[in-house]
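Enquirer: Data file model.cif (mmCIF, C-alpha atoms) is appended below.
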data_upload
loop_
_atom_site.label_atom_id
_atom_site.label_comp_id
_atom_site.auth_asym_id
_atom_site.auth_seq_id
_atom_site.Cartn_x
_atom_site.Cartn_y
_atom_site.Cartn_z
CA MET A 1 -142.10 85.99 -0.86
CA ILE A 2 -143.02 83.96 -3.96
CA ASN A 3 -139.96 81.91 -3.37
CA ALA A 4 -141.07 81.06 0.16
CA LYS A 5 -144.52 80.13 -1.09
CA LEU A 6 -143.07 77.91 -3.80
CA LYS A 7 -140.81 76.27 -1.27
CA LYS A 8 -143.73 75.60 1.03
CA SER A 9 -145.80 74.12 -1.77
CA LEU A 10 -142.88 71.96 -2.78
CA GLU A 11 -142.53 70.83 0.82
CA ILE A 12 -146.20 69.82 0.96
CA ASN A 13 -146.42 68.16 -2.45
CA PHE A 14 -142.98 66.60 -2.51
CA PRO A 15 -142.05 65.70 1.05
CA LYS A 16 -138.60 64.31 1.71
CA GLN A 17 -139.39 60.60 1.37
CA ARG A 18 -141.35 61.20 -1.82
CA ARG A 19 -138.44 63.14 -3.30
CA MET A 20 -136.19 60.20 -2.42
CA SER A 21 -138.60 57.86 -4.14
CA PHE A 22 -138.52 59.87 -7.38
CA LEU A 23 -134.74 60.02 -7.18
CA ILE A 24 -134.43 56.24 -6.76
CA ALA A 25 -136.91 55.67 -9.59
CA LEU A 26 -134.81 57.88 -11.84
CA PHE A 27 -131.65 56.07 -10.82
CA SER A 28 -133.38 52.73 -11.51
CA LEU A 29 -134.17 53.91 -15.02
CA LEU A 30 -130.49 54.69 -15.48
CA ILE A 31 -129.58 51.16 -14.38
CA TYR A 32 -132.10 49.83 -16.91
CA ILE A 33 -130.48 51.83 -19.72
CA CYS A 34 -127.01 50.65 -18.72
CA LEU A 35 -128.10 47.00 -18.53
CA TYR A 36 -129.91 47.25 -21.84
CA SER A 37 -127.11 48.96 -23.73
CA TYR A 38 -124.02 47.34 -22.29
CA ILE A 39 -124.86 43.89 -20.93
CA ASP A 40 -128.03 42.07 -21.93
CA SER A 41 -131.61 43.04 -22.69
CA THR A 42 -133.03 40.07 -20.73
CA LEU A 43 -131.31 41.36 -17.59
CA ALA A 44 -132.70 44.82 -18.24
CA TYR A 45 -136.25 43.49 -18.67
CA SER A 46 -135.85 41.37 -15.53
CA TRP A 47 -134.82 44.47 -13.60
CA ILE A 48 -137.87 46.46 -14.75
CA PHE A 49 -140.11 43.44 -14.15
CA GLY A 50 -138.76 43.16 -10.60
CA LEU A 51 -139.34 46.86 -9.94
CA LEU A 52 -142.96 46.64 -11.13
CA VAL A 53 -143.63 43.47 -9.15
CA GLY A 54 -142.03 44.85 -5.98
CA PHE A 55 -144.02 48.07 -6.32
CA THR A 56 -147.26 46.14 -6.87
CA LEU A 57 -146.67 43.69 -4.02
CA GLN A 58 -145.89 46.52 -1.61
CA ARG A 59 -148.83 48.70 -2.63
CA SER A 60 -151.35 45.86 -2.54
CA ARG A 61 -149.81 44.13 0.52
CA ILE A 62 -149.92 40.77 -1.26
CA CYS A 63 -148.12 38.03 0.64
CA PHE A 64 -148.23 34.46 -0.61
CA THR A 65 -147.64 32.90 2.80
CA ALA A 66 -150.58 34.83 4.21
CA ALA A 67 -152.67 33.65 1.25
CA LEU A 68 -151.86 30.05 2.20
CA ARG A 69 -152.27 30.65 5.94
CA ASP A 70 -155.23 32.97 6.47
CA PRO A 71 -157.99 30.80 4.97
CA ILE A 72 -157.25 27.92 7.33
CA LEU A 73 -156.14 29.82 10.42
CA PHE A 74 -158.49 32.80 10.37
CA GLY A 75 -161.07 32.04 7.69
CA MET A 76 -160.06 35.13 5.70
CA THR A 77 -159.89 34.40 1.99
CA GLU A 78 -159.86 37.78 0.25
CA LEU A 79 -156.12 37.57 -0.41
CA ALA A 80 -156.28 33.91 -1.43
CA ARG A 81 -159.08 34.73 -3.87
CA ALA A 82 -157.02 37.55 -5.37
CA ILE A 83 -154.18 35.07 -5.99
CA ILE A 84 -156.63 32.59 -7.54
CA LEU A 85 -157.91 35.38 -9.81
CA SER A 86 -154.32 36.16 -10.74
CA LEU A 87 -153.68 32.49 -11.51
CA PHE A 88 -156.84 32.40 -13.63
CA ILE A 89 -155.61 35.25 -15.82
CA MET A 90 -152.12 33.75 -15.94
CA THR A 91 -153.49 30.35 -17.00
CA ILE A 92 -155.36 31.81 -19.96
CA GLY A 93 -152.37 33.96 -20.90
CA TYR A 94 -149.86 31.13 -20.64
CA PHE A 95 -152.20 28.83 -22.58
CA LEU A 96 -152.34 31.26 -25.50
CA ILE A 97 -148.60 31.98 -25.37
CA GLN A 98 -147.74 28.27 -25.28
CA ILE A 99 -150.03 27.46 -28.20
CA TYR A 100 -148.57 30.32 -30.21
CA GLN A 101 -145.00 29.28 -29.40
CA LEU A 102 -145.71 25.69 -30.41
CA SER A 103 -147.36 26.74 -33.66
CA GLN A 104 -144.23 28.72 -34.51
CA GLY A 105 -141.94 25.88 -33.51
CA LEU A 106 -140.50 27.94 -30.65
CA PRO A 107 -139.56 26.62 -27.17
CA LEU A 108 -142.40 26.14 -24.70
CA PRO A 109 -142.26 28.65 -21.81
CA GLY A 110 -143.19 27.51 -18.30
CA ARG A 111 -141.92 26.00 -15.09
CA PHE A 112 -141.79 22.22 -15.41
CA VAL A 113 -140.22 20.10 -12.68
CA THR A 114 -139.78 16.34 -12.89
CA LEU A 115 -142.38 14.73 -10.62
CA GLY A 116 -141.37 12.77 -7.54
CA TRP A 117 -141.46 12.74 -3.76
CA HIS A 118 -138.96 15.58 -3.61
CA ILE A 119 -141.79 18.02 -4.44
CA PRO A 120 -144.14 17.24 -1.52
CA ILE A 121 -141.23 16.93 0.93
CA GLY A 122 -139.63 20.17 -0.23
CA ALA A 123 -142.94 22.04 -0.31
CA LEU A 124 -143.68 20.91 3.25
CA ILE A 125 -140.27 22.08 4.50
CA PHE A 126 -140.65 25.33 2.57
CA GLY A 127 -144.06 25.95 4.13
CA ILE A 128 -142.80 25.40 7.67
CA GLY A 129 -139.90 27.75 7.02
CA ALA A 130 -142.15 30.41 5.48
CA ALA A 131 -144.40 30.36 8.53
CA LEU A 132 -141.44 30.54 10.93
CA SER A 133 -139.73 33.41 9.15
CA GLY A 134 -143.01 35.25 8.65
CA GLY A 135 -142.85 35.59 4.88
CA CYS A 136 -142.31 33.72 1.66
CA ALA A 137 -139.60 34.37 -0.90
CA SER A 138 -141.29 37.41 -2.44
CA GLY A 139 -142.54 38.68 0.91
CA THR A 140 -139.04 38.58 2.36
CA LEU A 141 -137.69 40.72 -0.49
CA VAL A 142 -140.56 43.22 -0.22
CA ARG A 143 -140.05 43.58 3.54
CA ILE A 144 -136.35 44.22 3.05
CA GLY A 145 -137.37 47.09 0.76
CA GLU A 146 -139.77 48.33 3.41
CA GLY A 147 -136.92 48.60 5.90
CA PHE A 148 -137.33 45.51 8.07
CA ARG A 149 -133.88 44.54 9.35
CA LEU A 150 -135.27 41.18 10.46
CA GLN A 151 -135.88 40.07 6.86
CA TRP A 152 -132.19 40.47 6.07
CA ILE A 153 -131.70 37.60 8.49
CA ALA A 154 -134.43 35.62 6.73
CA LEU A 155 -132.74 36.25 3.37
CA LEU A 156 -129.37 35.22 4.79
CA GLY A 157 -130.97 32.04 6.12
CA PHE A 158 -132.64 31.53 2.73
CA ILE A 159 -129.27 31.75 0.95
CA PHE A 160 -127.61 29.38 3.47
CA GLY A 161 -130.50 26.93 3.15
CA SER A 162 -130.57 27.13 -0.65
CA THR A 163 -126.84 26.48 -0.87
CA HIS A 164 -127.17 23.63 1.62
CA GLY A 165 -130.04 22.25 -0.48
CA ALA A 166 -128.04 22.59 -3.69
CA TYR A 167 -125.17 20.68 -2.07
CA ASP A 168 -127.60 17.91 -1.06
CA GLY A 169 -129.57 18.19 -4.29
CA ASP A 170 -128.22 15.14 -6.05
CA ARG A 171 -129.31 12.91 -3.18
CA TRP A 172 -132.88 14.25 -3.24
CA TYR A 173 -133.22 14.23 -7.00
CA ARG A 174 -132.82 10.46 -6.98
CA LEU A 175 -136.49 10.55 -6.01
CA PHE A 176 -137.23 11.69 -9.57
CA THR A 177 -139.79 9.63 -11.46
CA ASP A 178 -139.95 9.14 -15.22
CA ILE A 179 -142.43 11.97 -15.66
CA ASP A 180 -139.97 14.71 -16.48
CA PHE A 181 -142.34 16.93 -18.42
CA PRO A 182 -145.50 17.31 -16.28
CA HIS A 183 -147.15 19.77 -18.64
CA LEU A 184 -150.88 19.11 -18.28
CA PRO A 185 -151.59 19.36 -22.04
CA ASN A 186 -148.81 16.82 -22.54
CA LEU A 187 -150.49 14.46 -20.08
CA ILE A 188 -154.20 14.83 -20.87
CA GLY A 189 -154.40 16.97 -24.02
CA TRP A 190 -154.80 20.72 -24.49
CA ARG A 191 -158.58 20.88 -24.29
CA TRP A 192 -158.91 18.89 -21.08
CA ALA A 193 -155.92 20.60 -19.49
CA ILE A 194 -157.24 24.14 -19.87
CA LEU A 195 -160.81 23.09 -19.00
CA ILE A 196 -159.88 21.20 -15.86
CA GLN A 197 -157.45 23.82 -14.61
CA LEU A 198 -159.82 26.75 -15.11
CA LEU A 199 -162.66 24.78 -13.55
CA LEU A 200 -160.46 23.87 -10.59
CA LEU A 201 -159.54 27.51 -10.06
CA ILE A 202 -163.18 28.56 -10.21
CA ILE A 203 -164.16 25.85 -7.73
CA LEU A 204 -161.35 26.92 -5.38
CA TYR A 205 -162.49 30.54 -5.67
CA VAL A 206 -166.11 29.70 -4.87
CA LEU A 207 -165.09 27.38 -2.03
CA ALA A 208 -162.89 30.12 -0.54
CA TYR A 209 -165.77 32.58 -0.78
CA LEU A 210 -168.22 30.18 0.86
CA TRP A 211 -165.69 29.24 3.53
CA GLU A 212 -165.32 32.90 4.52
CA LYS A 213 -169.11 33.32 4.58
CA TYR A 214 -169.40 30.22 6.75
CA LYS A 215 -166.70 31.44 9.14
CA PHE A 216 -168.04 34.95 9.56
CA GLY A 217 -171.73 34.28 9.02
CA MET B 1 -171.94 66.52 -5.61
CA SER B 2 -171.61 64.63 -2.38
CA GLY B 3 -170.18 66.37 0.63
CA ARG B 4 -167.16 64.15 0.82
CA LEU B 5 -166.11 64.75 -2.76
CA GLN B 6 -166.74 68.46 -2.33
CA SER B 7 -164.48 68.66 0.68
CA LEU B 8 -161.82 66.67 -1.11
CA LYS B 9 -161.99 69.11 -3.96
CA ASP B 10 -161.90 72.13 -1.70
CA ASP B 11 -158.70 71.62 0.18
CA LYS B 12 -156.65 69.64 -2.33
CA THR B 13 -155.11 70.35 -5.69
CA PHE B 14 -155.67 67.82 -8.46
CA TYR B 15 -152.18 66.46 -7.91
CA GLN B 16 -152.88 65.94 -4.22
CA LEU B 17 -156.19 64.28 -5.05
CA VAL B 18 -154.47 61.79 -7.35
CA ILE B 19 -151.78 61.11 -4.78
CA SER B 20 -154.27 60.60 -1.97
CA GLN B 21 -156.51 58.30 -3.99
CA ALA B 22 -153.94 56.28 -5.91
CA ILE B 23 -150.88 56.31 -3.71
CA ASP B 24 -151.68 56.93 -0.05
CA ARG B 25 -154.33 54.25 0.14
CA PRO B 26 -153.20 50.65 -0.30
CA TRP B 27 -154.46 48.95 -3.43
CA PRO B 28 -157.09 46.23 -3.07
CA TYR B 29 -155.76 42.67 -3.25
CA TRP B 30 -157.63 41.86 -6.46
CA PHE B 31 -156.05 44.84 -8.22
CA GLY B 32 -152.58 43.73 -7.17
CA GLY B 33 -153.38 40.21 -8.32
CA ILE B 34 -154.44 41.37 -11.78
CA LEU B 35 -151.38 43.62 -12.18
CA LEU B 36 -149.13 40.78 -11.07
CA ALA B 37 -150.61 38.52 -13.75
CA LEU B 38 -150.24 41.18 -16.46
CA PHE B 39 -146.61 41.95 -15.59
CA ASN B 40 -145.80 38.24 -15.51
CA LEU B 41 -147.40 37.60 -18.88
CA LEU B 42 -145.57 40.55 -20.41
CA TYR B 43 -142.33 39.23 -18.97
CA VAL B 44 -142.94 35.79 -20.50
CA ILE B 45 -143.88 37.27 -23.86
CA ILE B 46 -140.86 39.58 -24.01
CA THR B 47 -138.13 37.36 -22.53
CA GLY B 48 -139.57 33.83 -22.79
CA HIS B 49 -138.70 33.19 -19.13
CA TYR B 50 -140.89 32.44 -16.12
CA TRP B 51 -140.68 34.35 -12.83
CA GLY B 52 -138.53 32.64 -10.21
CA ILE B 53 -136.71 33.76 -7.09
CA SER B 54 -134.97 30.98 -5.22
CA ASN B 55 -132.72 29.34 -7.85
CA ASN B 56 -130.82 32.58 -7.79
CA LEU B 57 -130.24 32.47 -4.05
CA ALA B 58 -128.63 29.03 -4.35
CA ARG B 59 -126.37 30.35 -7.10
CA TRP B 60 -125.36 33.32 -4.92
CA GLY B 61 -124.44 31.00 -2.05
CA ALA B 62 -122.53 28.67 -4.34
CA TRP B 63 -120.73 31.61 -5.94
CA VAL B 64 -119.56 32.92 -2.56
CA LEU B 65 -118.36 29.43 -1.62
CA GLU B 66 -116.52 29.19 -4.94
CA LYS B 67 -114.74 32.46 -4.13
CA VAL B 68 -113.53 31.10 -0.79
CA GLY B 69 -112.18 27.94 -2.39
CA VAL B 70 -115.03 25.41 -2.38
CA ASN B 71 -115.52 23.67 -5.72
CA SER B 72 -119.23 24.50 -5.72
CA SER B 73 -119.60 25.25 -9.44
CA GLN B 74 -118.97 21.56 -10.09
CA TRP B 75 -121.76 20.32 -7.84
CA ILE B 76 -123.89 17.71 -9.57
CA VAL B 77 -126.99 19.77 -8.81
CA TRP B 78 -126.25 22.18 -11.67
CA THR B 79 -126.52 19.36 -14.19
CA TYR B 80 -130.15 18.74 -13.26
CA TYR B 81 -131.63 22.07 -14.19
CA ASP B 82 -130.99 25.63 -15.15
CA TYR B 83 -127.41 26.79 -15.05
CA TYR B 84 -124.55 28.00 -12.93
CA THR B 85 -123.50 31.56 -13.65
CA GLU B 86 -121.95 34.68 -12.25
CA PRO B 87 -124.58 36.41 -10.06
CA TRP B 88 -124.65 39.70 -12.02
CA LEU B 89 -125.31 37.81 -15.27
CA ASP B 90 -128.23 35.99 -13.67
CA LYS B 91 -131.64 37.41 -14.64
CA GLN B 92 -133.10 36.43 -11.28
CA THR B 93 -130.51 38.53 -9.47
CA TRP B 94 -131.93 41.55 -11.27
CA SER B 95 -135.58 40.70 -10.76
CA ASN B 96 -134.92 39.99 -7.06
CA LEU B 97 -133.05 43.28 -6.63
CA GLY B 98 -135.86 44.96 -8.55
CA ILE B 99 -138.44 43.64 -6.10
CA ILE B 100 -136.52 45.10 -3.17
CA ILE B 101 -136.02 48.49 -4.85
CA GLY B 102 -139.58 48.54 -6.23
CA ALA B 103 -140.96 48.01 -2.73
CA LEU B 104 -138.62 50.72 -1.45
CA ILE B 105 -139.85 53.18 -4.09
CA ALA B 106 -143.46 52.35 -3.22
CA ILE B 107 -143.07 52.80 0.51
CA LEU B 108 -141.07 56.02 0.13
CA LEU B 109 -143.81 57.37 -2.12
CA THR B 110 -146.31 56.95 0.71
CA GLN B 111 -143.79 58.27 3.25
CA ASN B 112 -144.04 55.20 5.44
CA PHE B 113 -140.43 54.12 5.24
CA LYS B 114 -138.85 53.41 8.59
CA LEU B 115 -136.01 51.09 9.55
CA LYS B 116 -137.40 48.46 11.84
CA GLY B 117 -135.13 46.57 14.20
CA ILE B 118 -135.02 43.07 15.60
CA LYS B 119 -136.90 42.40 18.82
CA ASP B 120 -134.82 39.75 20.56
CA LYS B 121 -132.58 36.74 20.16
CA LYS B 122 -135.53 34.35 19.95
CA GLN B 123 -136.98 36.20 16.97
CA PHE B 124 -133.55 36.34 15.33
CA ILE B 125 -133.05 32.58 15.59
CA MET B 126 -136.61 31.77 14.55
CA VAL B 127 -136.30 33.85 11.39
CA LEU B 128 -132.83 32.51 10.56
CA VAL B 129 -134.02 28.92 10.93
CA GLY B 130 -137.22 29.73 9.02
CA GLY B 131 -135.22 31.22 6.17
CA TRP B 132 -132.89 28.24 6.17
CA LEU B 133 -135.83 25.80 5.93
CA MET B 134 -137.38 27.87 3.13
CA GLY B 135 -134.11 27.73 1.22
CA TYR B 136 -133.54 24.03 1.78
CA GLY B 137 -137.15 23.13 1.00
CA SER B 138 -137.25 25.18 -2.17
CA ARG B 139 -134.03 23.59 -3.41
CA ILE B 140 -135.39 20.09 -2.81
CA ALA B 141 -138.73 20.83 -4.45
CA ILE B 142 -136.96 22.91 -7.13
CA GLY B 143 -139.02 26.03 -6.56
CA CYS B 144 -140.31 28.40 -3.91
CA ASN B 145 -143.79 29.87 -3.69
CA ILE B 146 -143.07 31.79 -6.88
CA GLY B 147 -141.26 29.41 -9.24
CA GLY B 148 -142.63 26.21 -7.74
CA LEU B 149 -146.16 27.41 -7.15
CA TYR B 150 -147.23 30.61 -8.93
CA SER B 151 -145.28 30.21 -12.16
CA SER B 152 -145.81 26.43 -12.20
CA ILE B 153 -149.59 26.45 -11.86
CA SER B 154 -149.77 29.37 -14.30
CA SER B 155 -147.94 27.44 -16.98
CA LEU B 156 -150.26 24.42 -16.63
CA ALA B 157 -147.64 22.33 -14.89
CA LEU B 158 -148.80 19.46 -12.69
CA ASN B 159 -145.83 19.98 -10.33
CA GLY B 160 -147.40 23.26 -9.17
CA TRP B 161 -150.64 21.52 -8.19
CA ILE B 162 -148.69 18.91 -6.25
CA TYR B 163 -146.73 21.66 -4.53
CA LEU B 164 -149.82 23.56 -3.35
CA PRO B 165 -151.42 21.23 -0.75
CA PHE B 166 -148.06 20.41 0.83
CA ALA B 167 -147.04 24.06 1.06
CA ILE B 168 -150.37 24.80 2.79
CA THR B 169 -149.77 21.89 5.18
CA GLY B 170 -146.26 23.16 5.88
CA VAL B 171 -147.45 26.68 6.62
CA TYR B 172 -150.11 25.23 8.92
CA PHE B 173 -147.59 23.19 10.93
CA GLY B 174 -145.18 26.11 10.95
CA ASN B 175 -147.82 28.27 12.58
CA LYS B 176 -148.50 25.54 15.15
CA ILE B 177 -144.78 25.58 15.99
CA ILE B 178 -144.79 29.38 16.32
CA MET B 179 -147.72 29.28 18.72
CA LYS B 180 -145.93 26.63 20.81
CA LEU B 181 -142.79 28.76 20.89
CA LEU B 182 -144.51 32.02 21.75
CA LEU B 183 -146.85 30.71 24.44
#
Write the structure described by the file as structure tokens, please.
Expert:
Amino acid sequence: MINAKLKKSLEINFPKQRRMSFLIALFSLLIYICLYSYIDSTLAYSWIFGLLVGFTLQRSRICFTAALRDPILFGMTELARAIILSLFIMTIGYFLIQIYQLSQGLPLPGRFVTLGWHIPIGALIFGIGAALSGGCASGTLVRIGEGFRLQWIALLGFIFGSTHGAYDGDRWYRLFTDIDFPHLPNLIGWRWAILIQLLLLIILYVLAYLWEKYKFG
Amino acid sequence: MSGRLQSLKDDKTFYQLVISQAIDRPWPYWFGGILLALFNLLYVIITGHYWGISNNLARWGAWVLEKVGVNSSQWIVWTYYDYYTEPWLDKQTWSNLGIIIGALIAILLTQNFKLKGIKDKKQFIMVLVGGWLMGYGSRIAIGCNIGGLYSSISSLALNGWIYLPFAITGVYFGNKIIMKLLL
């Protein structure tokens, strides 16, 4: 009798898929411990970071392609504004981290790509592809986790295209200019860099908000 | 106490209340955006690396080619940036896998997981070509929407700001193409 009741309560509170989710989470923790103890702590942190990001992206339905598309196509900017907010926090955080690293004589973290025509051309091709496949790089991975078989095809295409691009890379990278360290503080000084970037993000946020108001009255 | 809260309290245990409020409902975009920023900053502080996705996919492709006899580890491209390495020793392999499994955990938690198939040949080809273009474009620009855009702009890099308008333009044209194809 009590056993049946307990079983029923378990069934309601921990349905099958939720049990699976706990099981996979536990297994993921095990992978973390293995990576950390036997291979490399950076890999272990990357694994946990990926799990958290995937969980967040799925729960909040954030898709970068939609953030780039919806404002222009539909006039919806809520998602785009959330990304701008995220970038705002990231900018302040990165700024502080970079200043600290420099003051300690440590390497400067960040994603710096030599400027040149390869960036606009590549970004354009990437954008077209993202629209066609219905999701960006992160969106494709999230959808695979959600069970979309179609996104396996997108990922396969992504790997083919990336390899193809790597093979052709040398030809494209001849478009490189001399500016190989386009860190804004390096170009215009720390104070102006942080001021201009934060101001730009605020302006974009306000513009997006007004644009949505204008579109929907 | 309002009627709605009262009724919530009546027929649910505390555990069920937490689940229904925090898990069953999707999170607002802004909340996801803030969490994303915090996780990224923690990742930078702890490991010193930025978040990227697509470099790794090129390395996977090159690794497979290497295994079938192509001399892909010697491609000049690897001298320009980053590194060539075995896929399981590549941090991005683990963060990419983590994203897939993290999304899986999330959707199982809300009991919405379902395998979804492919509609037709047209969709199959469109997505394959789209993925291919994404891969090729991100290799040329040295970054996808994450490494080339999100992580770049975050780290005060001018290349991210150059990337942004052209990515938007690309997405816009891509959608024009889709509408042509579907109508």
Enquirer: Residue by residue, what does the PyMOL selection byres ((chain B and resi 145-157) around 6) grab here? Present the result as a tab-separated table (two decimals) with C-alpha atoms, in the coordinates of the input.
Expert:
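Printed below is part_36.tsv as written:
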chain	number	residue	atom	x	y	z
A	87	LEU	CA	-153.68	32.49	-11.51
A	90	MET	CA	-152.12	33.75	-15.94
A	91	THR	CA	-153.49	30.35	-17.00
A	94	TYR	CA	-149.86	31.13	-20.64
A	110	GLY	CA	-143.19	27.51	-18.30
A	111	ARG	CA	-141.92	26.00	-15.09
A	112	PHE	CA	-141.79	22.22	-15.41
A	182	PRO	CA	-145.50	17.31	-16.28
A	183	HIS	CA	-147.15	19.77	-18.64
A	184	LEU	CA	-150.88	19.11	-18.28
B	52	GLY	CA	-138.53	32.64	-10.21
B	143	GLY	CA	-139.02	26.03	-6.56
B	144	CYS	CA	-140.31	28.40	-3.91
B	158	LEU	CA	-148.80	19.46	-12.69
B	159	ASN	CA	-145.83	19.98	-10.33
B	160	GLY	CA	-147.40	23.26	-9.17
Enquirer: If I take atom CA of A:Ser162 and atom CA of B:Ala106, how far is one from the other in Å, to one decimal?
Expert: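 Going from atom CA of A:Ser162 over to atom CA of B:Ala106, I get 28.4 Å.
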Enquirer: Enter the distance from atom CA of A:Pro109 to atom CA of B:Gly32, in Å, rounded to one decimal.
Expert: 23.4 Å
Enquirer: To one decimal place in Å, what is the distance between atom CA of B:Asp120 and atom CA of B:Lys180?
Expert: 17.2 Å
Enquirer: Please write the residues picked by the PyMOL selection byres ((chain B and resi 127-130) around 9) on this file as a list of chain:residue names.
Expert: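 On this input, the PyMOL selection byres ((chain B and resi 127-130) around 9) captures A:Phe126, A:Ile128, A:Gly129, A:Ala130, A:Ala131, A:Leu132, A:Ser133, A:Gly134, A:Leu150, A:Gln151, A:Ile153, A:Ala154, A:Leu155, A:Leu156, A:Gly157, A:Phe158, A:Gly161, B:Lys122, B:Gln123, B:Phe124, B:Ile125, B:Met126, B:Gly131, B:Trp132, B:Leu133, B:Met134, B:Gly135, B:Gly174.
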Enquirer: For A:Phe64, find every residue with an atom within 9 Å (counting all atoms listed in the file), except residues of its own chain fewer than 4 positions away, and show them as a VMD selection string.
Expert: (chain A and resid 68 to 69 79 to 80 83 135 to 139) or (chain B and resid 145 to 146)
Enquirer: Around the point (-150.2, 23.8, -27.0) (coordinates from the file), which residues reach within 10 Å if we count all atoms listed in the file? Answer as a list in words.
Expert: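 Residues lying no farther than 10 Å from the given point: Tyr94, Phe95, Leu96, Ile97, Gln98, Ile99, Tyr100, Gln101, Leu102, Ser103, Leu108, His183, Leu184, Pro185, Asn186, Gly189, Trp190, Arg191 and Ala193 of chain A.
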Enquirer: Taking the file above as input, evaluate the PyMOL selection byres ((chain B and resi 80) around 12) and report the hits as an MDAnalysis selection string.
Expert: (chainID A and resid 113:114 166 169:174 176 180) or (chainID B and resid 74:79 81:84 139:140 142)
Enquirer: For chain B, which residue out of A:Trp117, A:Phe74, A:Phe148, A:Phe14 is the nearest one, using only C-alpha atoms?
Expert: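 Nearest candidate to chain B out of A:Trp117, A:Phe74, A:Phe148, A:Phe14: A:Phe148.
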Enquirer: Kindly list the centre and edge lengths in Å, rounded to one decimal, for the axis-aligned box that covers all listed atoms of stretch 142-157 of chain B plus 5 Å on each of its six sides, as lines of an AutoDock Vina configuration file.
Expert:
center_x = -143.6
center_y = 27.1
center_z = -10.3
size_x = 23.3
size_y = 19.5
size_z = 23.3
Enquirer: Check the smallest atom-to-atom distance from each of B:Leu42, B:Ile100, B:Val68, B:Ile23 to chain A using all atoms listed in the file, then report the winner.
Expert: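 Checking each candidate against chain A, we get B:Ile100 as the closest.
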Enquirer: Nearest to chain A among B:Ser73, B:Asn40, B:Ala58, B:Val18, with distances taken over all atoms listed in the file: which residue is it?
Expert: B:Ala58
